[in-house]
Every structure is written in structure tokens, then in C-alpha cells.
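**Q** The file below is target37.txt, compact mmCIF, C-alpha atoms and all ligand atoms:
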# COMPACT_ATOMS: atom_id res chain seq x y z
CA MET J 1 -11.32 -12.96 -9.72
CA SER J 2 -7.69 -12.82 -8.61
CA THR J 3 -6.12 -13.81 -5.32
CA LEU J 4 -3.04 -12.53 -3.52
CA GLU J 5 -1.91 -15.00 -0.91
CA VAL J 6 0.82 -14.51 1.67
CA LYS J 7 1.81 -17.87 3.12
CA ASN J 8 3.97 -18.37 6.18
CA LEU J 9 6.19 -15.41 5.27
CA HIS J 10 9.38 -15.04 7.27
CA VAL J 11 11.60 -12.00 6.64
CA THR J 12 14.95 -11.04 8.08
CA ILE J 13 16.76 -7.69 7.99
CA ASP J 14 20.48 -7.68 8.74
CA GLY J 15 20.08 -11.11 10.30
CA LYS J 16 17.28 -9.89 12.58
CA LYS J 17 13.97 -11.75 12.33
CA ILE J 18 11.20 -9.27 11.59
CA LEU J 19 8.35 -11.29 10.06
CA LYS J 20 7.73 -14.60 11.77
CA GLY J 21 5.15 -16.35 9.67
CA VAL J 22 2.58 -14.00 8.15
CA ASN J 23 -0.50 -15.49 6.50
CA LEU J 24 -3.26 -13.65 4.70
CA THR J 25 -5.43 -13.98 1.62
CA LEU J 26 -6.75 -11.01 -0.31
CA LYS J 27 -9.14 -11.29 -3.23
CA THR J 28 -10.03 -8.73 -5.87
CA GLY J 29 -13.18 -6.92 -4.76
CA GLU J 30 -11.88 -6.73 -1.20
CA ILE J 31 -10.08 -4.14 0.89
CA HIS J 32 -8.12 -5.36 3.86
CA ALA J 33 -6.40 -3.28 6.50
CA ILE J 34 -3.29 -4.19 8.40
CA MET J 35 -3.01 -2.32 11.64
CA GLY J 36 -0.30 -2.58 14.21
CA PRO J 37 2.02 -0.62 16.45
CA ASN J 38 5.21 0.98 15.14
CA GLY J 39 8.12 -1.32 14.41
CA THR J 40 5.97 -4.41 14.16
CA GLY J 41 6.85 -5.31 10.56
CA LYS J 42 4.05 -3.73 8.52
CA SER J 43 6.36 -1.94 6.09
CA THR J 44 8.62 -4.99 6.04
CA LEU J 45 5.71 -6.98 4.65
CA SER J 46 5.16 -4.59 1.74
CA GLU J 47 8.89 -4.16 1.05
CA ALA J 48 9.41 -7.92 0.97
CA ILE J 49 6.47 -8.46 -1.36
CA MET J 50 7.78 -5.78 -3.71
CA GLY J 51 11.30 -7.20 -3.61
CA ASN J 52 13.43 -4.65 -1.77
CA PRO J 53 16.76 -6.53 -1.57
CA ALA J 54 17.43 -5.38 2.02
CA TYR J 55 14.57 -7.63 3.14
CA GLU J 56 15.53 -11.29 3.03
CA VAL J 57 12.73 -13.80 2.72
CA THR J 58 13.89 -16.89 4.60
CA GLU J 59 10.66 -18.88 4.35
CA GLY J 60 7.22 -18.71 2.78
CA GLU J 61 5.60 -17.60 -0.45
CA VAL J 62 3.57 -14.76 -1.92
CA LEU J 63 1.23 -16.12 -4.58
CA LEU J 64 -0.66 -14.08 -7.15
CA ASP J 65 -3.18 -16.45 -8.69
CA GLY J 66 -0.92 -19.30 -7.71
CA GLN J 67 2.29 -17.82 -9.14
CA ASN J 68 5.05 -17.18 -6.59
CA LEU J 69 5.88 -13.48 -6.93
CA LEU J 70 9.03 -13.89 -4.86
CA GLU J 71 10.60 -15.84 -7.71
CA LEU J 72 9.98 -13.00 -10.18
CA PRO J 73 12.26 -10.03 -10.86
CA VAL J 74 10.89 -6.85 -9.29
CA ASP J 75 9.63 -5.26 -12.52
CA GLU J 76 7.68 -8.40 -13.32
CA ARG J 77 5.92 -8.26 -9.97
CA ALA J 78 4.52 -4.92 -11.06
CA ARG J 79 3.66 -6.34 -14.48
CA ALA J 80 1.84 -9.19 -12.76
CA GLY J 81 -0.54 -6.57 -11.36
CA LEU J 82 0.92 -5.38 -8.09
CA PHE J 83 1.28 -1.75 -7.02
CA LEU J 84 3.01 -0.49 -3.92
CA ALA J 85 2.61 2.96 -2.42
CA MET J 86 5.55 3.31 -0.11
CA GLN J 87 5.59 4.92 3.29
CA TYR J 88 8.48 7.11 2.10
CA PRO J 89 8.14 7.59 -1.68
CA ALA J 90 11.44 8.11 -3.50
CA GLU J 91 12.38 11.34 -5.27
CA ILE J 92 13.39 10.92 -8.89
CA PRO J 93 15.02 14.14 -10.06
CA GLY J 94 14.93 14.64 -13.82
CA VAL J 95 11.83 12.52 -14.37
CA THR J 96 8.54 14.37 -14.45
CA ASN J 97 5.48 12.97 -12.85
CA THR J 98 3.77 12.60 -16.24
CA GLU J 99 6.75 10.76 -17.75
CA PHE J 100 6.93 8.46 -14.77
CA ILE J 101 3.25 7.52 -14.85
CA ARG J 102 3.20 7.01 -18.62
CA GLY J 103 6.31 4.83 -18.31
CA ALA J 104 4.73 2.81 -15.53
CA ILE J 105 1.56 2.25 -17.57
CA ASN J 106 3.46 1.26 -20.69
CA ALA J 107 5.77 -1.06 -18.77
CA ARG J 108 2.65 -3.02 -17.88
CA ARG J 109 1.46 -3.22 -21.50
CA SER J 110 2.95 -5.10 -24.41
CA GLU J 111 5.72 -3.20 -26.22
CA ASP J 112 3.77 -2.81 -29.46
CA ASN J 113 0.71 -1.45 -27.67
CA PRO J 114 1.58 1.68 -25.66
CA ILE J 115 -1.26 3.84 -24.36
CA SER J 116 -2.14 6.63 -26.83
CA ILE J 117 -0.95 10.06 -25.70
CA ARG J 118 -4.41 11.51 -26.12
CA LYS J 119 -6.05 8.84 -24.01
CA PHE J 120 -3.31 9.13 -21.41
CA LEU J 121 -3.57 12.90 -21.09
CA LYS J 122 -7.36 12.78 -20.86
CA LYS J 123 -7.23 10.21 -18.07
CA LEU J 124 -4.47 12.14 -16.29
CA ASP J 125 -6.51 15.31 -16.47
CA GLU J 126 -9.66 13.63 -15.14
CA ASN J 127 -7.88 11.94 -12.27
CA MET J 128 -5.92 15.05 -11.24
CA ASP J 129 -9.15 16.94 -11.25
CA PHE J 130 -10.80 14.28 -9.11
CA LEU J 131 -7.93 14.47 -6.61
CA ASP J 132 -7.95 18.30 -6.54
CA MET J 133 -4.37 18.40 -7.81
CA SER J 134 -3.04 21.51 -9.49
CA GLU J 135 -2.00 21.12 -13.13
CA GLU J 136 1.61 22.06 -12.51
CA MET J 137 2.05 18.88 -10.45
CA ALA J 138 2.08 16.91 -13.71
CA ASP J 139 5.27 18.53 -14.94
CA ARG J 140 7.21 18.55 -11.70
CA TYR J 141 10.00 16.09 -11.07
CA LEU J 142 8.72 13.07 -9.23
CA ASN J 143 8.37 13.77 -5.52
CA GLU J 144 11.13 16.40 -5.62
CA GLY J 145 10.14 19.08 -3.17
CA PHE J 146 6.65 17.59 -2.82
CA SER J 147 5.10 18.15 0.58
CA GLY J 148 4.07 15.07 2.57
CA GLY J 149 0.46 15.55 1.48
CA GLU J 150 1.40 16.08 -2.17
CA LYS J 151 3.42 12.86 -2.17
CA LYS J 152 0.52 10.83 -0.81
CA ARG J 153 -1.97 12.40 -3.20
CA ASN J 154 0.44 11.67 -6.01
CA GLU J 155 0.71 8.01 -5.00
CA ILE J 156 -3.06 7.79 -5.33
CA LEU J 157 -2.89 9.49 -8.72
CA GLN J 158 -0.41 6.80 -9.82
CA LEU J 159 -2.74 4.14 -8.46
CA MET J 160 -5.72 5.52 -10.38
CA MET J 161 -3.70 5.82 -13.57
CA ILE J 162 -2.01 2.42 -13.42
CA GLU J 163 -5.12 0.52 -12.26
CA PRO J 164 -3.29 -2.49 -10.81
CA LYS J 165 -5.05 -5.66 -9.70
CA PHE J 166 -3.68 -5.32 -6.18
CA ALA J 167 -2.34 -2.31 -4.32
CA ILE J 168 -0.45 -2.28 -1.06
CA LEU J 169 -0.78 1.18 0.43
CA ASP J 170 1.63 1.80 3.28
CA GLU J 171 0.69 4.64 5.64
CA ILE J 172 -0.98 6.71 2.94
CA ASP J 173 -2.58 8.65 5.77
CA SER J 174 0.59 9.67 7.56
CA GLY J 175 1.10 13.40 7.75
CA LEU J 176 -2.19 14.24 6.07
CA ASP J 177 -4.55 16.94 7.23
CA ILE J 178 -8.22 16.05 7.22
CA ASP J 179 -8.94 17.47 3.74
CA ALA J 180 -6.05 15.58 2.15
CA LEU J 181 -7.10 12.45 4.00
CA LYS J 182 -10.58 12.75 2.51
CA VAL J 183 -9.19 13.21 -1.00
CA VAL J 184 -6.84 10.24 -0.69
CA SER J 185 -9.69 8.09 0.64
CA LYS J 186 -11.97 9.24 -2.16
CA GLY J 187 -9.36 8.03 -4.66
CA VAL J 188 -9.06 4.59 -3.07
CA ASN J 189 -12.82 4.26 -2.80
CA LYS J 190 -13.17 5.11 -6.49
CA MET J 191 -10.86 2.19 -7.27
CA ARG J 192 -13.06 -0.19 -5.31
CA GLY J 193 -14.64 -2.83 -7.51
CA PRO J 194 -14.52 -6.44 -8.62
CA GLU J 195 -11.21 -5.99 -10.47
CA PHE J 196 -9.29 -4.41 -7.60
CA GLY J 197 -8.06 -5.50 -4.20
CA SER J 198 -6.09 -3.52 -1.67
CA LEU J 199 -4.11 -3.97 1.48
CA ILE J 200 -4.15 -0.78 3.50
CA ILE J 201 -1.43 -0.50 6.08
CA THR J 202 -2.06 1.99 8.82
CA HIS J 203 -1.02 2.79 12.32
CA TYR J 204 -4.15 4.78 13.09
CA GLN J 205 -7.80 3.87 12.91
CA ARG J 206 -8.71 7.30 11.50
CA LEU J 207 -8.20 6.37 7.84
CA LEU J 208 -10.58 3.44 8.24
CA ASN J 209 -13.44 5.82 8.95
CA TYR J 210 -13.14 6.86 5.30
CA ILE J 211 -12.07 3.62 3.66
CA ILE J 212 -14.16 0.93 5.30
CA PRO J 213 -12.21 -2.34 5.14
CA ASP J 214 -13.82 -5.73 4.63
CA VAL J 215 -11.24 -7.37 6.89
CA VAL J 216 -8.91 -5.94 9.53
CA HIS J 217 -5.70 -7.80 10.44
CA VAL J 218 -3.72 -6.79 13.49
CA MET J 219 0.03 -7.35 13.34
CA MET J 220 2.25 -7.49 16.39
CA ASP J 221 5.84 -8.61 16.59
CA GLY J 222 5.91 -9.92 13.03
CA ARG J 223 2.73 -11.98 13.14
CA ILE J 224 -0.97 -11.46 12.51
CA VAL J 225 -2.40 -11.83 15.99
CA ALA J 226 -6.05 -10.94 15.40
CA GLN J 227 -8.52 -10.63 12.54
CA GLY J 228 -12.00 -9.18 12.34
CA GLY J 229 -14.25 -6.68 10.64
CA PRO J 230 -14.22 -2.88 10.88
CA GLU J 231 -15.30 -3.13 14.52
CA LEU J 232 -11.85 -4.49 15.39
CA ALA J 233 -10.29 -1.22 14.25
CA LYS J 234 -12.77 0.72 16.39
CA ARG J 235 -11.90 -1.39 19.37
CA LEU J 236 -8.21 -0.66 18.90
CA GLU J 237 -9.00 3.02 18.83
CA ASP J 238 -10.65 2.68 22.22
CA GLU J 239 -8.37 0.19 23.90
CA GLY J 240 -5.04 0.70 22.14
CA TYR J 241 -2.68 -2.03 20.99
CA ALA J 242 -1.59 -2.73 24.55
CA GLY J 243 -5.18 -3.53 25.53
CA LEU J 244 -5.57 -6.09 22.76
CA ARG J 245 -2.16 -7.57 23.50
CA ASP J 246 -3.03 -8.08 27.15
CA GLU J 247 -6.40 -9.55 26.30
CA LEU J 248 -4.74 -12.05 23.95
CA GLY J 249 -2.17 -12.80 26.64
CA LEU J 250 0.76 -12.04 24.33
CA ASP J 251 4.19 -11.50 25.77
CA ILE J 252 5.22 -8.67 23.42
CA LYS J 253 6.90 -5.38 24.17
CA LEU J 254 5.43 -2.47 22.19
CA THR J 255 7.86 0.25 21.15
CA ASP J 256 5.33 2.95 21.93
CA GLU J 257 3.04 1.62 24.60
CA ASP J 258 0.38 4.28 24.13
CA ALA J 259 0.04 3.64 20.35
P1 LIG H 1 6.30 -0.85 10.88
O1 LIG H 1 6.10 -0.50 9.45
O2 LIG H 1 5.29 -1.81 11.42
O3 LIG H 1 6.39 0.36 11.75
P2 LIG H 1 8.84 -1.86 9.97
O4 LIG H 1 8.47 -3.00 9.09
O5 LIG H 1 9.23 -0.59 9.31
O6 LIG H 1 7.68 -1.62 11.03
O7 LIG H 1 10.04 -2.29 10.91
C1 LIG H 1 10.07 -3.50 11.63
C2 LIG H 1 11.40 -3.64 12.34
O8 LIG H 1 12.44 -3.79 11.39
C3 LIG H 1 11.77 -2.46 13.20
O9 LIG H 1 12.41 -2.97 14.35
C4 LIG H 1 12.73 -1.69 12.34
O10 LIG H 1 13.66 -0.97 13.12
C5 LIG H 1 13.42 -2.79 11.57
N1 LIG H 1 13.83 -2.33 10.23
C6 LIG H 1 13.00 -1.96 9.23
N2 LIG H 1 13.69 -1.60 8.13
C7 LIG H 1 15.00 -1.75 8.45
C8 LIG H 1 16.22 -1.56 7.74
N3 LIG H 1 16.24 -1.14 6.47
N4 LIG H 1 17.38 -1.80 8.40
C9 LIG H 1 17.38 -2.24 9.69
N5 LIG H 1 16.24 -2.45 10.40
C10 LIG H 1 15.08 -2.21 9.81
MG MG H 2 5.84 1.28 8.46
Using C-alpha cells, write down the structure from this file.
**A**
Amino acid sequence: MSTLEVKNLHVTIDGKKILKGVNLTLKTGEIHAIMGPNGTGKSTLSEAIMGNPAYEVTEGEVLLDGQNLLELPVDERARAGLFLAMQYPAEIPGVTNTEFIRGAINARRSEDNPISIRKFLKKLDENMDFLDMSEEMADRYLNEGFSGGEKKRNEILQLMMIEPKFAILDEIDSGLDIDALKVVSKGVNKMRGPEFGSLIITHYQRLLNYIIPDVVHVMMDGRIVAQGGPELAKRLEDEGYAGLRDELGLDIKLTDEDA
């Protein structure tokens, strides 16, 4: 079993404090959700863990099985077993989807032991089939001209191909119609198992009807302010973030009060 531990994480952007002491522990075999209103620091958490240089960690640690990931170069964080699906996936013109995924898999293996092409193509074919993706998606340049739904589906394809220990999935539901949402959820649920843990970041409760989390964390103003089971997500759906905030007696301004 592996553990991903975020300890007292403080993150600043352009001198502005965004994360103000985030704590959470995720184990393989578990799926956790982080919910929270817009602008509360959810994406900041994933960007900081993955090492985006715009996000300055001023305090705290992120430990993968006791090793502080924040001290590792970015590529080694991925090698250590971490995968991040970003809210806004980058376009990489000139690199096909297939090349990118094969590169990502091999970067995580030792140099003298790349995945065999045959094995790779078989797995790619099976997973694309599973995600109802058309074959031509494999040869397109990464994310170039992909629709919102295609990008998200493709992030899940990468996830299924790379098979990381831990995945942080940031707003994989945004902009998806119900069919795409079901496919994306089906992919994440297929990954579920003792060797895999995931942190699902979402603004809406809807996704959590399809991917049932073991633990739900609610983030507001750069801190985890509440934790519970799936019922906490349901409650937020009914009462909104403002309702929970008022109940907890927090003095926080939400950017979109009706979220
Ligand atoms: P969430 O994902 O919860 O909606 P974010 O983590 O994206 O929130 O943003 C938290 C806060 O940090 C917001 O006030 C946002 O405007 C600010 N922020 C995020 N990224 C940047 C950036 N690259 N430059 C300046 N401010 C940023
Ligand atoms: Mg975000």
C-alpha cells in the first residue's frame, strides 16, 4: 500500500496567499473528492503538487510513501507514481497522442526496458475501445483542436495507459455532456483497486453520482473546512457552499454565492 500525504501546505501566487495549510492523506485503494467553490484553491493544490513554478510553496510537504515530492524535479514526481489531469490540458502540436502516451509510459520505466510496441498498441486499442474513442484520435496531435469532451476523455485514456499509483483529476467533468461524463467515470472506476488512489477535484456534486468517493473534503478559502463521506457531497448539492459556510460559522466570501 502507498500513501500520499499533504501536510500543512501553504502556497502563494504572485505574493498572494492561496493555500493556507492544507492537510489530507490518501491511500492506494481509496478515492477522495475535493469539492469547493470557484477560486478557493483546488487547482492550486494540484498545480503545486505537480510542480508548476508559478505556484510557490512557502510551507509544508507532500509525501509519497514518506518521500517529499516537493524536493524532486517535476519529471521525477511523475516517475514516483503521480499523474495529474489538468483542468486545462495543454496542446502539444507536432506530437501525436500515441507518441505522447508511449513516451509517458517509457519515461516511467527503466531505459533498457521500454514497453513493447505490440503490447502498447494492444493496450491502447483496448482502452480506446472501452472509452468509445474513435481510432483517428490516436494519431492526432495532442489536444490540438480537441473538443472539451475529447480532451477529458483523452486524459482518462492517458490515465488508463500510464497506470499511476496516484492520480489527481482536476475538473474532469467540466464541460461534459451526460454520455461523456459516464464514459469518463467508467474509466476512473475501472482503475479502482488496491494499487490505485485518486483525488478527484470537482465543483459539482454530479460527477460523484458516478464515481462514489470514499472521503469527501470541502475546501474553502485555501483550507479544508469539512470532511465526510459521500453524503457530504449530497448535502452540498442541496444546501450549496454558502449553507455549509454559514453552518460552520466561517467568515469567508464566496466568489459565486450560488455555487
Ligand atoms: P479553484 O480551482 O478552486 O477554482 P484556483 O486554485 O484556480 O481555484 O485559484 C485560487 C485563486 O488563485 C483564485 O483567486 C485565482 O484567481 C488565483 N490564481 C490561480 N492561478 C493563478 C495564476 N496563475 N495567477 C494569478 N492568480 C491565480
Ligand atoms: Mg480549478
**Q** Pick the closest to ligand LIG 1 (chain H) from J:Gly60, J:Gly222, J:Gly187, J:Pro213: which is it, counting only C-alpha atoms and all ligand atoms?
**A** J:Gly222
**Q** Which one of J:Leu159, J:Val11, J:Ile168, J:Ala180 sits closest to Asp132 (chain J) if you count all atoms listed in the file?
**A** J:Ala180
**Q** So, counting only C-alpha atoms, which residue among J:His32, J:Arg108, J:Arg153, J:Arg192 is closest to Asp214 (chain J)?
**A**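 Answer, going by the shortest atom-to-atom distance: J:His32.
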**Q** Up to 10 Å from (-8.1, -6.0, -2.6) in the file's coordinates: name the residues, counting only C-alpha atoms, as a PyMOL selection string.
**A** chain J and resi 2-4+25-33+165-168+191-200+213-214
**Q** Which residue, J:Ala54, J:Leu64, J:Val22, J:Ala90, has the smallest gap to ligand LIG 1 (chain H) when you use all atoms listed in the file?
**A**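 Between J:Ala54, J:Leu64, J:Val22, J:Ala90, the residue approaching ligand LIG 1 (chain H) most closely is J:Ala54.
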**Q** In Å, how far is it from CA of Val95 (chain J) to CA of Ala48 (chain J)?
**A**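 So the answer is 25.7 Å.
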**Q** Please provide the set of residues having any atom within 9 Å of region 36-43 of chain J, restricted to all atoms listed in the file, with same-chain residues fewer than 3 positions apart removed, written as a PDB file with C-alpha atoms, keeping the file's coordinate frame.
**A**
ATOM      1  CA  ILE J  18      11.200  -9.270  11.590  1.00  0.00           C
ATOM      2  CA  LEU J  19       8.350 -11.290  10.060  1.00  0.00           C
ATOM      3  CA  SER J  46       5.160  -4.590   1.740  1.00  0.00           C
ATOM      4  CA  GLU J  47       8.890  -4.160   1.050  1.00  0.00           C
ATOM      5  CA  ALA J  48       9.410  -7.920   0.970  1.00  0.00           C
ATOM      6  CA  MET J  86       5.550   3.310  -0.110  1.00  0.00           C
ATOM      7  CA  GLN J  87       5.590   4.920   3.290  1.00  0.00           C
ATOM      8  CA  ASP J 170       1.630   1.800   3.280  1.00  0.00           C
ATOM      9  CA  GLU J 171       0.690   4.640   5.640  1.00  0.00           C
ATOM     10  CA  ILE J 201      -1.430  -0.500   6.080  1.00  0.00           C
ATOM     11  CA  THR J 202      -2.060   1.990   8.820  1.00  0.00           C
ATOM     12  CA  HIS J 203      -1.020   2.790  12.320  1.00  0.00           C
ATOM     13  CA  TYR J 204      -4.150   4.780  13.090  1.00  0.00           C
ATOM     14  CA  HIS J 217      -5.700  -7.800  10.440  1.00  0.00           C
ATOM     15  CA  VAL J 218      -3.720  -6.790  13.490  1.00  0.00           C
ATOM     16  CA  MET J 219       0.030  -7.350  13.340  1.00  0.00           C
ATOM     17  CA  MET J 220       2.250  -7.490  16.390  1.00  0.00           C
ATOM     18  CA  ASP J 221       5.840  -8.610  16.590  1.00  0.00           C
ATOM     19  CA  GLY J 222       5.910  -9.920  13.030  1.00  0.00           C
ATOM     20  CA  ARG J 223       2.730 -11.980  13.140  1.00  0.00           C
ATOM     21  CA  TYR J 241      -2.680  -2.030  20.990  1.00  0.00           C
ATOM     22  CA  LEU J 254       5.430  -2.470  22.190  1.00  0.00           C
ATOM     23  CA  THR J 255       7.860   0.250  21.150  1.00  0.00           C
ATOM     24  CA  ASP J 256       5.330   2.950  21.930  1.00  0.00           C
ATOM     25  CA  GLU J 257       3.040   1.620  24.600  1.00  0.00           C
ATOM     26  CA  ALA J 259       0.040   3.640  20.350  1.00  0.00           C
TER      27      ALA J 259
END
**Q** So which one's closest to ligand MG 2 (chain H), J:Glu155, J:Glu231, J:Asp112, J:Asp173? Using all atoms listed in the file, please.
**A** J:Asp173
**Q** Would you kindly identify which residues have an atom no farther than 8 Å from (-3.5, 8.7, -13.5), using only C-alpha atoms and the file's own coordinates, and write them out as JSON, numbers by chain?
**A** {"J": [101, 120, 123, 124, 125, 127, 128, 157, 158, 159, 160, 161, 162]}
**Q** Would you mind telling me which residue in J:Ala242, J:Gly21, J:Glu5, J:Met35 lies nearest to ligand MG 2 (chain H) when using only C-alpha atoms and all ligand atoms?
**A** J:Met35
